[in-house]
Amino acid sequence: MRRPMLIFGFVFAFFLFLTGFYGKAAAAVALPVAVAGLCVTTAIKSTRSTRVFPTAFLAVALACTVFLCAERFKYAPALDACAQEQSVKGVLIDIPQERDGKIFYTIKTSEIVGKPVKTKLVFSSRIKLDVDFYDTITLERATVYAAEEASAGQLLFYKSEGVFLRAYSFYSASVSHAEKRPLAYYVPALRRALCEKILSVLPGDEGAISVAMLLGVRDYVSDELYSAYKSCGVVHLLAVSGLHTSLWSMLIYRFLLTLFKRRRLSAAVSAVFLVFFAALTGFSPSVCRASIMLGTVYVGELFRREADALNSLGLSLTAIALFNPYSVMGLSLMLSALSTAGILVASSRFYHRASPEGGITKYAPVRAAVNYIKETLVMTGAATVFTLPVLILFIGRISVASPVVNTAVLYLASKAMLFGGVAAVLAPLSFISRPLFLVCGLLIKLVNQTTIFFASLPLASIPVNYTYIKIWLALTMLAVAAVILKKRSKVTMRICALSSVFVLLLSSCLFYTVSGSKVKLCVTDVGNGTAVMLKKGMHTALIGCGGDYFAAGNIRAQLEESYAKTDLIIVPRNEPTEASAYVELSATLKAEKTFVSSDFYITLLHSGDEIAADYASVRLWDAADIEYINSDSLSAAYVMINGCGVTVSFRPANDVSLMPEKWRNAAVLICRQALPVNAGAYGFSAVIISGDGEKGLLSYKGCLETGFDEVYLTAEHGDISLTGFSEEALKISAGGGFNAVF
């Protein structure tokens, strides 16, 4: 077996990933099975000689053991500290993050309720504390809860970072300044100083992107710009990873090699730099992965041995997962490892096949440009193919523009990182650093403009979170595994690949042919607010555009699922519950027609083409009729789709008895925060409450007791979709998996 660490590392990480999602029960079942498999495959001569299956079963057994130990000795003691009215003491270990009007402090606890508890905790507060790294923060009467109680996405993030607890308190936290700083203080302090220096010289988006590229701090990147980078598949530029690590370490290695002509000295210094760089960027999993891989190269140079890149990749996964078994639950490490594997395995082969012979490549400048384009396209394609399972199962989108945008901006971004990094190091010499920062800012501005342009194009990224695609992925992976195990020829592998692509294209065409003619209605989870979206094929319409602080992000995520065109936006009233996200979304979202209430129209700068109207009736796509009215006595809307009516109430004070007759006879009632007056007197088959987890939850519980057939709450069930308007049965699907047909 040529690469034992490659097989061991990926199997080890994969099973830690599975046990992290399915819990201790899955690990307890898998452990004896893995031990039995190890014994059987070791006893059989044919499998023992290849060593592949014994290695894999050993990795599974170790993964289960490590996970169970982590749960028992690290996670369980932290959960025991969860309670209300707790006192917490710990030191600040990372740069505080500001978002959604709150400040988040990462604390390494020393004691909770007077008992020694050493774990990482994130404390949220609306008050900015006068605190420095390794100052002691004391919380009184705090509520401490597990990170997993927030949401699935936050659970992935926090546990992968080693954060098991969160806390908040309505009482002021006290800070005790450290008299003597530990050595570990100076690395995050340097990181903060570099951030402040870069942002002071490069304000705005250029500074935010520069800080993200150089130090991995994305707090200053706006949601719109980050969404553009994500749509174009270049978000990896904003997370310090292999590209950044190799750029700086190889620059130092080549500089020292040129200066001293000594390979071992250059390799030793570069290896030490990798440790420093990983610490400076917060020991992110992707940086640790790249640092370990490059470290094996430099160690090999010290002993005059050549390191195997794929074995080094497996070694890095094993080391990271052993240190923090939950790190593999973070998608950043999985994407980093899989994309690196794709580049290492596939790029060299595809590179030679894509290499043009003769022609214009005999001219050096043209040859260099062709080689750059070819290499970038091949690397992007290989990384996309290997990360496809994660993209389909967990992210749900694939960037179609990624190969083109990466080709356009990768060179510019690498030069921007080079100029910005050198400028940051030479910051005390302002006469040198400022021109370098200027060049860095100009390059980043060009990268931003290119990315925003491609992100605004239709089909820049497409959703892939459909069931038929997941089935296709499973069948394709089984087919590939069968071909590999049977050791079939390359011709068989190519036929398998072409057949897989053909099946995907055919199923996609059939899916969009069928679904493109149907209208889907979605009630987006925006907290206390209203955002009702209609979708048909590549077209969307939005009724209501408000809610809590996260409303704009959730609405944008829903809009991105429909590829391209927004035909209609209705902002029915001048209240945050229906209008708070409009200004932010309208900066990038251009609708064919926008109706706004007359009182909201007055507050706008009239730079767009909004139409002031307190009543409007619109027909869309020859399939949906929309009416809305905003007056002192009634603020509501009505949607008729293929003969099925849906009434939308924008305020709890509405009286259903004052609505038009067809509005009262609708099949579904969508209401904000609470049932409107007299709603129980009419025969709505289902009620959907677009509300928060406080008043909305109380209304939801009250509706369950009133006899409605089906009741849903966005705060409880997530985004709620209505389909089947053209069929006999209307189907309601909730984000949490709750389904009903009536």
# chains A, B, ... in the order shown; residues from 1 in each chain; ligands from 1
call {"tool": "residues_around", "arguments": {"residues": "A:Ala167", "least_positions_apart": "4", "cutoff": "7 Å", "atoms": "only C-alpha atoms", "output": "mmCIF file with N, CA and C atoms, in the first residue's frame"}}
result
data_model
loop_
_atom_site.group_PDB
_atom_site.id
_atom_site.type_symbol
_atom_site.label_atom_id
_atom_site.label_comp_id
_atom_site.auth_asym_id
_atom_site.auth_seq_id
_atom_site.Cartn_x
_atom_site.Cartn_y
_atom_site.Cartn_z
ATOM 1 N N VAL A 122 -18.428 31.267 24.541
ATOM 2 C CA VAL A 122 -18.681 32.526 23.843
ATOM 3 C C VAL A 122 -19.751 33.292 24.605
ATOM 4 N N PHE A 123 -19.393 34.482 25.054
ATOM 5 C CA PHE A 123 -20.281 35.346 25.837
ATOM 6 C C PHE A 123 -20.750 36.493 24.955
ATOM 7 N N SER A 124 -22.063 36.678 24.849
ATOM 8 C CA SER A 124 -22.629 37.758 24.029
ATOM 9 C C SER A 124 -23.145 38.874 24.916
ATOM 10 N N ALA A 142 -25.288 34.729 35.125
ATOM 11 C CA ALA A 142 -25.329 34.504 33.682
ATOM 12 C C ALA A 142 -26.086 33.217 33.363
ATOM 13 N N THR A 143 -26.688 33.203 32.196
ATOM 14 C CA THR A 143 -27.311 31.978 31.682
ATOM 15 C C THR A 143 -26.305 31.280 30.780
ATOM 16 N N VAL A 144 -25.919 30.088 31.167
ATOM 17 C CA VAL A 144 -24.946 29.299 30.403
ATOM 18 C C VAL A 144 -25.687 28.156 29.728
ATOM 19 N N TYR A 145 -25.513 28.032 28.431
ATOM 20 C CA TYR A 145 -26.219 26.976 27.694
ATOM 21 C C TYR A 145 -25.302 26.381 26.640
#
call {"tool": "residues_around", "arguments": {"residues": "A:Val385", "least_positions_apart": "4", "cutoff": "9 Å", "atoms": "only C-alpha atoms", "output": "PyMOL selection string"}}
result
chain A and resi 339+342+380-381+389
call {"tool": "closest_residue", "arguments": {"among": "A:Leu442, A:Val287, A:Cys644, A:Ala408", "to": "A:Val519", "atoms": "only C-alpha atoms"}}
result
A:Cys644
call {"tool": "select_by_dssp", "arguments": {"residues": "stretch 632-708 of chain A", "states": "strand (DSSP E)", "output": "ChimeraX atom specification"}}
result
/A:635-641,644-649,668-672,686-690
call {"tool": "residues_around", "arguments": {"residues": "A:Arg494", "least_positions_apart": "6", "cutoff": "12 Å", "atoms": "only C-alpha atoms", "output": "ChimeraX atom specification"}}
result
/A:479-480,483,488,500-501
call {"tool": "residues_around", "arguments": {"residues": "A:Leu698", "least_positions_apart": "2", "cutoff": "12 Å", "atoms": "only C-alpha atoms", "output": "count of residues only"}}
result
19
call {"tool": "closest_residue", "arguments": {"among": "A:Arg126, A:Arg263, A:Lys180, A:Lys520", "to": "A:Leu542", "atoms": "only C-alpha atoms"}}
result
A:Lys520
call {"tool": "closest_residue", "arguments": {"among": "A:Thr476, A:Ser286, A:Thr138, A:Thr281", "to": "A:Asp94", "atoms": "only C-alpha atoms"}}
result
A:Thr281
call {"tool": "residues_around", "arguments": {"residues": "stretch 588-603 of chain A", "least_positions_apart": "6", "cutoff": "7 Å", "atoms": "only C-alpha atoms", "output": "PDB file with N, CA and C atoms, in the first residue's frame"}}
result
ATOM      1  N   THR A 566     -36.285  38.587 -10.445  1.00  0.00           N
ATOM      2  CA  THR A 566     -37.359  38.971  -9.531  1.00  0.00           C
ATOM      3  C   THR A 566     -38.312  39.884 -10.286  1.00  0.00           C
ATOM      4  N   ASP A 567     -39.544  39.440 -10.461  1.00  0.00           N
ATOM      5  CA  ASP A 567     -40.506  40.196 -11.265  1.00  0.00           C
ATOM      6  C   ASP A 567     -41.272  41.234 -10.456  1.00  0.00           C
ATOM      7  N   LEU A 568     -41.468  40.975  -9.158  1.00  0.00           N
ATOM      8  CA  LEU A 568     -42.335  41.858  -8.378  1.00  0.00           C
ATOM      9  C   LEU A 568     -41.898  41.886  -6.924  1.00  0.00           C
ATOM     10  N   ILE A 569     -41.898  43.097  -6.356  1.00  0.00           N
ATOM     11  CA  ILE A 569     -41.722  43.272  -4.911  1.00  0.00           C
ATOM     12  C   ILE A 569     -42.848  44.166  -4.411  1.00  0.00           C
ATOM     13  N   ILE A 570     -43.471  43.762  -3.317  1.00  0.00           N
ATOM     14  CA  ILE A 570     -44.515  44.570  -2.685  1.00  0.00           C
ATOM     15  C   ILE A 570     -44.094  44.862  -1.257  1.00  0.00           C
ATOM     16  N   VAL A 571     -43.977  46.145  -0.916  1.00  0.00           N
ATOM     17  CA  VAL A 571     -43.727  46.576   0.458  1.00  0.00           C
ATOM     18  C   VAL A 571     -45.023  47.227   0.935  1.00  0.00           C
ATOM     19  N   PRO A 572     -45.874  46.501   1.654  1.00  0.00           N
ATOM     20  CA  PRO A 572     -47.251  46.940   1.865  1.00  0.00           C
ATOM     21  C   PRO A 572     -47.449  48.023   2.913  1.00  0.00           C
ATOM     22  N   ARG A 573     -46.468  48.214   3.813  1.00  0.00           N
ATOM     23  CA  ARG A 573     -46.663  49.226   4.852  1.00  0.00           C
ATOM     24  C   ARG A 573     -45.311  49.693   5.377  1.00  0.00           C
ATOM     25  N   ASN A 574     -45.296  50.877   5.931  1.00  0.00           N
ATOM     26  CA  ASN A 574     -44.066  51.500   6.429  1.00  0.00           C
ATOM     27  C   ASN A 574     -43.822  51.104   7.881  1.00  0.00           C
ATOM     28  N   GLU A 610     -39.809  52.767  -7.748  1.00  0.00           N
ATOM     29  CA  GLU A 610     -40.913  52.321  -6.915  1.00  0.00           C
ATOM     30  C   GLU A 610     -42.206  53.041  -7.293  1.00  0.00           C
ATOM     31  N   ILE A 611     -43.308  52.316  -7.152  1.00  0.00           N
ATOM     32  CA  ILE A 611     -44.629  52.868  -7.436  1.00  0.00           C
ATOM     33  C   ILE A 611     -45.376  52.980  -6.110  1.00  0.00           C
ATOM     34  N   ALA A 612     -45.798  54.179  -5.766  1.00  0.00           N
ATOM     35  CA  ALA A 612     -46.535  54.399  -4.522  1.00  0.00           C
ATOM     36  C   ALA A 612     -47.985  53.990  -4.720  1.00  0.00           C
ATOM     37  N   ALA A 613     -48.454  53.031  -3.948  1.00  0.00           N
ATOM     38  CA  ALA A 613     -49.832  52.558  -4.081  1.00  0.00           C
ATOM     39  C   ALA A 613     -50.244  51.864  -2.800  1.00  0.00           C
ATOM     40  N   ASP A 614     -51.411  52.240  -2.274  1.00  0.00           N
ATOM     41  CA  ASP A 614     -51.950  51.567  -1.096  1.00  0.00           C
ATOM     42  C   ASP A 614     -52.906  50.453  -1.476  1.00  0.00           C
TER      43      ASP A 614
END
call {"tool": "closest_residue", "arguments": {"among": "A:Asn528, A:Thr136, A:Ser46, A:Ser284", "to": "A:Asn324", "atoms": "only C-alpha atoms"}}
result
A:Ser284
